[in-house]
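Asks: Mind having a look at this structure? Questions to follow.
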Amino acid sequence: MNRNNFFIHLALALVLILVAAFAGQLSRWRKQWKPPRIVPASEKKQPTTSDEIALSETRSFGSPEVLVKFKSGVSDDEIETLTARLHDRVEDRIENADGFEAIDDLDNADPASVVAEYSKLPEVEYAEPNYEIKLDEEDAEGPLVPVLPHDPQFENQWALSNSGQKGGKKGADISATLAWATTTGSDKLVVAVLDTGVDYTHEDLAGNMWTRPDSLAPYHDAELGTIDDVNGFNAIDNASDPMDDNGHGTHCAGIIGAEGENDLGIAGVNWKVQIMPLKFMNASGSGTTKDAIEAISYAIDRKKAGVNVRIISASWGSTQRSRALEAAIRKAYENDILFVAAAGNSSVDNDRTPHYPSSYDVPNVISVAALDRHDQLASFSNFGAKSVAIGAPGVDILSTWLGNEYEEKSGTSMATPVVSGVAALVLAEHPRMSVDDLRKKLLASTDPIVALKGKTVTGGRINAAKALD
Amino acid sequence: MATSKNDAVENARKDLARRLNINAADIQEQSVDDADFPDMALGAPEDGEMSGQMITNGWRIKLKAQGQTYEYRADKNQIRAYKFKGKNYRI
């Protein structure tokens, strides 16, 4: 071999070694690769990690049937000859287990008889059936896997996942991460936020805002005339733009449905949903009974026109009773719309001093008290063993604010959209559930809280995962 | 338009002078304190007024005139007379 040929052969040999090494590394990478921790929202009831999965063994009747350990010194050729003689074939050689072969019986004989056959051979150390390892069915259906979004401020959302941050009580939350293993919401469902409007351009809300579809004509009311309600309804000036000029409504909207898993800000109780802004409170956060009624009527009319409005979230109130407002809420009930309302912030017993609309005795009303991160009734929260249904986180709640901002706010105003959000999750999973059944389901889906015992109807904090059971 | 604490005190003084029909100079500023009010009507809703049930930061302004103390409540959005002769007023 001359000098040039030597170098050509050397170069070729090096290339072959590199290709082989790369192929080997690829194979190792493939074996080592594990799926990401986040479970796709569309999939239900995923296990957490492989080491938490309960295993069971079952006999396999597929191929290969048996695993055979040949004695040392038996060559590959001898093994091939033996298996061929028994009308079998070597399906695989087990790496890292010298002399261990997976044998496929070409006659499809019972694995036990194949094992017996090989066990008799002097060249065989032992043989055993090939066990198929399966997930235990019961456990595979069992524990839900928490689903954590990548929204950068999620770690500050103690109401959804309380890990004890800022000295809070671990687990004092609505179990949102477990609920998300079942559903993260539905963009077919419309939740009306009856409030100061909503900043529908907020980057964390824009994708979840309701807009009037082209197929639906602009809103027409005999008294108000025709209103171009492309972004919702404004009952204050009836000029159609429900843009928030306060921030309160935007905050409530974010709790219900800030876009989840979008790498921005926070996650709502629903990652996807349609928020319909109904503005009836002004820039100071106050409004009139008449405008509230007009906005409720709008939602009902839109429902009748085919918009899937199933929930009205009402983070407001007063101590003044209005029969007209009560009648409007009852009309919403007759149209299968849930009405979730704030219990009020005066630290009083609503059984003695009612707060409206939360104290109206209408079957679709759910009155909500506020809890803090320690599972204590918030110092400001109203309560009522007969008139306040349920508790929900309502202190230092982080949510969307005007100008693409985020702020922490407190109040039964904040607890109310938490319950509205859970109601939306339930409807995402059970779209045809009636308002009666929905209310029953929510009230039956609580964690008992000592601080709420004798203070609310249920004595518990809403639990989203239980609501989706 | 956002209201500052000083503006709120000044407007409260003018309002009280008008209600009592006296000179604003005859009204003393007793105290001005930061406060958390229970709702967006600052715990001083007018008749029939609904308000957001969010804890709202603002100022509690106490003015003294003719031997009596009068309370006003304000935040960056509004000023209210609290229980003036038994009633709340948004000014």
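Letters A, B, ... mark the chains of the structure tokens in the order given; residue numbers begin at 1 per chain; ligand numbers begin at 1, in order shown.
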Give as a count of residues only every residue of chain B that touches chain A within 9 Å, counting only C-alpha atoms.
Replies: 19
Asks: Using only C-alpha atoms, determine which residues lie at most 10 Å from B:Ala25, disregarding the query and same-chain residues fewer than 5 positions distant; provide the list as a PyMOL selection string.
Replies: chain B and resi 13-14+17+65
Asks: Emit the selected residues as a CSV table (one decimal), in the first residue's frame, including N, CA, C and O atoms.
Replies:
```
chain,number,residue,atom,x,y,z
B,13,ARG,N,-63.2,70.4,52.1
B,13,ARG,CA,-63.4,71.6,52.8
B,13,ARG,C,-64.4,72.6,52.1
B,13,ARG,O,-65.4,73.1,52.8
B,14,LYS,N,-64.3,72.7,50.8
B,14,LYS,CA,-65.2,73.5,50.0
B,14,LYS,C,-66.6,73.0,50.1
B,14,LYS,O,-67.6,73.7,50.2
B,17,ALA,N,-68.2,73.7,53.5
B,17,ALA,CA,-68.5,75.1,53.6
B,17,ALA,C,-69.8,75.4,52.9
B,17,ALA,O,-70.7,76.1,53.5
B,65,ALA,N,-66.0,71.9,62.3
B,65,ALA,CA,-66.7,73.2,62.1
B,65,ALA,C,-67.9,73.3,63.0
B,65,ALA,O,-68.6,72.4,63.3
```
Asks: Hey, can you check how far atom CA of A:Ala305 sits from atom CA of A:Ser240?
Replies: 17.6 Å
Asks: Which residues are near stretch 83-90 of chain B? Cut-off 7 Å, only C-alpha atoms, ignore same chain within fewer than 4 positions. Put them as a list in words.
Replies: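 Returned residues: Ala44, Pro45, Glu46 and Ile79 of chain B.
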Asks: DSSP on the backbone: what in chain B comes out strand (DSSP E or B), as a ChimeraX atom specification?
Replies: /B:28-37,49-52,56-65,68-75,78-84,87-90
Asks: Which neighbours of A:Gly459 fall inside 12 Å, counting only C-alpha atoms, when residues of the same chain fewer than 5 positions from it are skipped, and could you give them as a ChimeraX atom specification?
Replies: /A:368-369,371,375-377,383-392,443-454
Asks: Put those residues in a file: N, CA and C atoms, as a CSV table (one decimal), in the first residue's frame.
Replies:
```
chain,number,residue,atom,x,y,z
A,368,VAL,N,-70.8,34.3,47.7
A,368,VAL,CA,-69.4,33.9,48.0
A,368,VAL,C,-68.7,34.7,49.0
A,369,ALA,N,-68.2,34.1,50.0
A,369,ALA,CA,-67.3,34.7,51.1
A,369,ALA,C,-65.9,34.6,50.7
A,371,LEU,N,-61.8,34.0,51.6
A,371,LEU,CA,-60.8,33.4,52.5
A,371,LEU,C,-59.4,34.0,52.2
A,375,ASP,N,-56.5,29.9,55.0
A,375,ASP,CA,-57.8,29.3,55.2
A,375,ASP,C,-58.6,29.9,56.3
A,376,GLN,N,-58.4,31.2,56.5
A,376,GLN,CA,-59.2,31.9,57.5
A,376,GLN,C,-60.2,32.8,56.7
A,377,LEU,N,-61.4,33.0,57.3
A,377,LEU,CA,-62.3,33.9,56.7
A,377,LEU,C,-61.7,35.3,56.8
A,383,PHE,N,-70.6,37.0,56.0
A,383,PHE,CA,-70.8,35.5,56.1
A,383,PHE,C,-72.3,35.3,56.3
A,384,GLY,N,-72.7,34.1,56.5
A,384,GLY,CA,-74.1,33.8,56.7
A,384,GLY,C,-74.4,32.3,56.6
A,385,ALA,N,-74.7,31.7,57.7
A,385,ALA,CA,-74.9,30.2,57.8
A,385,ALA,C,-76.0,29.8,56.8
A,386,LYS,N,-77.0,30.7,56.6
A,386,LYS,CA,-78.1,30.4,55.7
A,386,LYS,C,-78.0,31.1,54.4
A,387,SER,N,-77.3,32.2,54.3
A,387,SER,CA,-77.4,33.1,53.1
A,387,SER,C,-76.1,33.1,52.3
A,388,VAL,N,-75.0,32.7,52.9
A,388,VAL,CA,-73.7,32.7,52.1
A,388,VAL,C,-73.3,31.3,51.8
A,389,ALA,N,-73.2,30.9,50.5
A,389,ALA,CA,-73.1,29.5,50.2
A,389,ALA,C,-71.8,28.9,50.4
A,390,ILE,N,-70.7,29.7,50.1
A,390,ILE,CA,-69.4,29.0,49.9
A,390,ILE,C,-68.3,30.0,50.1
A,391,GLY,N,-67.1,29.5,50.4
A,391,GLY,CA,-65.9,30.3,50.5
A,391,GLY,C,-65.0,30.1,49.4
A,392,ALA,N,-64.2,31.1,49.0
A,392,ALA,CA,-63.2,31.0,48.0
A,392,ALA,C,-62.1,32.1,48.3
A,443,LEU,N,-71.8,23.4,45.2
A,443,LEU,CA,-71.9,23.4,46.6
A,443,LEU,C,-71.5,22.1,47.2
A,444,ALA,N,-71.5,21.0,46.4
A,444,ALA,CA,-71.1,19.7,46.9
A,444,ALA,C,-69.6,19.5,46.8
A,445,SER,N,-68.9,20.5,46.2
A,445,SER,CA,-67.5,20.3,45.9
A,445,SER,C,-66.6,21.3,46.7
A,446,THR,N,-66.6,21.0,48.0
A,446,THR,CA,-65.8,21.9,48.9
A,446,THR,C,-64.9,21.1,49.8
A,447,ASP,N,-63.9,21.8,50.3
A,447,ASP,CA,-63.1,21.2,51.3
A,447,ASP,C,-63.5,21.9,52.6
A,448,PRO,N,-63.9,21.1,53.6
A,448,PRO,CA,-64.4,21.7,54.9
A,448,PRO,C,-63.3,22.6,55.5
A,449,ILE,N,-63.7,23.8,55.9
A,449,ILE,CA,-62.8,24.7,56.5
A,449,ILE,C,-63.3,25.1,57.9
A,450,VAL,N,-62.5,25.0,58.9
A,450,VAL,CA,-62.9,25.2,60.3
A,450,VAL,C,-63.5,26.6,60.4
A,451,ALA,N,-62.8,27.6,59.8
A,451,ALA,CA,-63.2,29.0,59.9
A,451,ALA,C,-64.6,29.3,59.3
A,452,LEU,N,-65.0,28.4,58.4
A,452,LEU,CA,-66.3,28.6,57.7
A,452,LEU,C,-67.5,27.8,58.4
A,453,LYS,N,-67.1,27.0,59.3
A,453,LYS,CA,-68.2,26.1,60.0
A,453,LYS,C,-69.2,27.0,60.7
A,454,GLY,N,-70.4,26.9,60.3
A,454,GLY,CA,-71.4,27.7,60.9
A,454,GLY,C,-71.5,29.2,60.4
```
Asks: One decimal, Å: what's the distance from atom CA of A:Ala192 over to atom CA of A:Asp244, could you say?
Replies: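 Atom CA of A:Asp244 lies at a distance of 14.0 Å from atom CA of A:Ala192.
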Asks: Find the distance between atom CA of A:Val190 and atom CA of A:Trp158 and write it in Å to one decimal.
Replies: 25.3 Å
Asks: Tell me which protein, DNA and RNA residues are within 12 Å of A:Leu224, counting only C-alpha atoms, leaving out same-chain ones fewer than 3 positions away, and put them as a ChimeraX atom specification.
Replies: /A:219-221,227-228,233-240,294-295,298
Asks: Considering only C-alpha atoms, state which residue in the set B:Ala8, B:Ile22, B:Glu29, B:Ile91 is at the smallest distance from B:Ala74.
Replies: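 Among the listed residues, B:Ala8 lies closest to B:Ala74.
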Asks: Which is closer to A:Val269 than all the others in A:Val418, A:Ala181, A:Val365, A:Val115, using only C-alpha atoms?
Replies: A:Val418
Asks: With distances taken over only C-alpha atoms, which residue among B:Asn6, B:Asn11, B:Leu42, B:Arg80 lies nearest B:Ala24?
Replies: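 Of all the options, B:Asn11 lies closest to B:Ala24.
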Asks: Could you give me the residues within stretch 17-62 of chain B that DSSP places in alpha helix (DSSP H), as a ChimeraX atom specification?
Replies: /B:17-20
Asks: What would the file look like if the residues just selected were written as a short mmCIF file (atom, residue, chain, number, x, y, z; two decimals), in the first residue's frame with N, CA, C and O atoms?
Replies:
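Everything below was put into part39.cif:
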```cif
data_model
loop_
_atom_site.label_atom_id
_atom_site.label_comp_id
_atom_site.auth_asym_id
_atom_site.auth_seq_id
_atom_site.Cartn_x
_atom_site.Cartn_y
_atom_site.Cartn_z
N ALA B 17 -68.15 73.66 53.52
CA ALA B 17 -68.49 75.09 53.64
C ALA B 17 -69.82 75.36 52.94
O ALA B 17 -70.68 76.10 53.45
N ARG B 18 -69.99 74.75 51.77
CA ARG B 18 -71.23 74.95 51.02
C ARG B 18 -72.43 74.37 51.78
O ARG B 18 -73.48 75.00 51.89
N ARG B 19 -72.26 73.18 52.34
CA ARG B 19 -73.36 72.51 53.01
C ARG B 19 -73.76 73.26 54.30
O ARG B 19 -74.92 73.31 54.68
N LEU B 20 -72.75 73.80 54.98
CA LEU B 20 -73.03 74.50 56.25
C LEU B 20 -73.25 75.99 56.04
O LEU B 20 -73.58 76.72 56.99
#
```
Asks: Kindly provide the residues of stretch 151-178 of chain A that approach stretch 202-208 of chain A to within 12 Å, each paired with its closest atom pair and their distance in Å to one decimal, based on only C-alpha atoms, listed by chain and increasing number, as a tab-separated table.
Replies:
```
residue	atom	partner	partner_atom	distance
A:Asp151	CA	A:Asp204	CA	9.9
A:Pro152	CA	A:Asp204	CA	11.7
A:Gln153	CA	A:Asp204	CA	11.7
```
Asks: Using C-alpha atoms, can you export the residues from the last selection as a PDB file, in the first residue's frame?
Replies:
```pdb
ATOM      1  CA  ASP A 151     -47.196  31.552  32.981  1.00  0.00           C
ATOM      2  CA  PRO A 152     -44.352  33.437  34.676  1.00  0.00           C
ATOM      3  CA  GLN A 153     -46.342  34.832  37.627  1.00  0.00           C
TER       4      GLN A 153
END
```
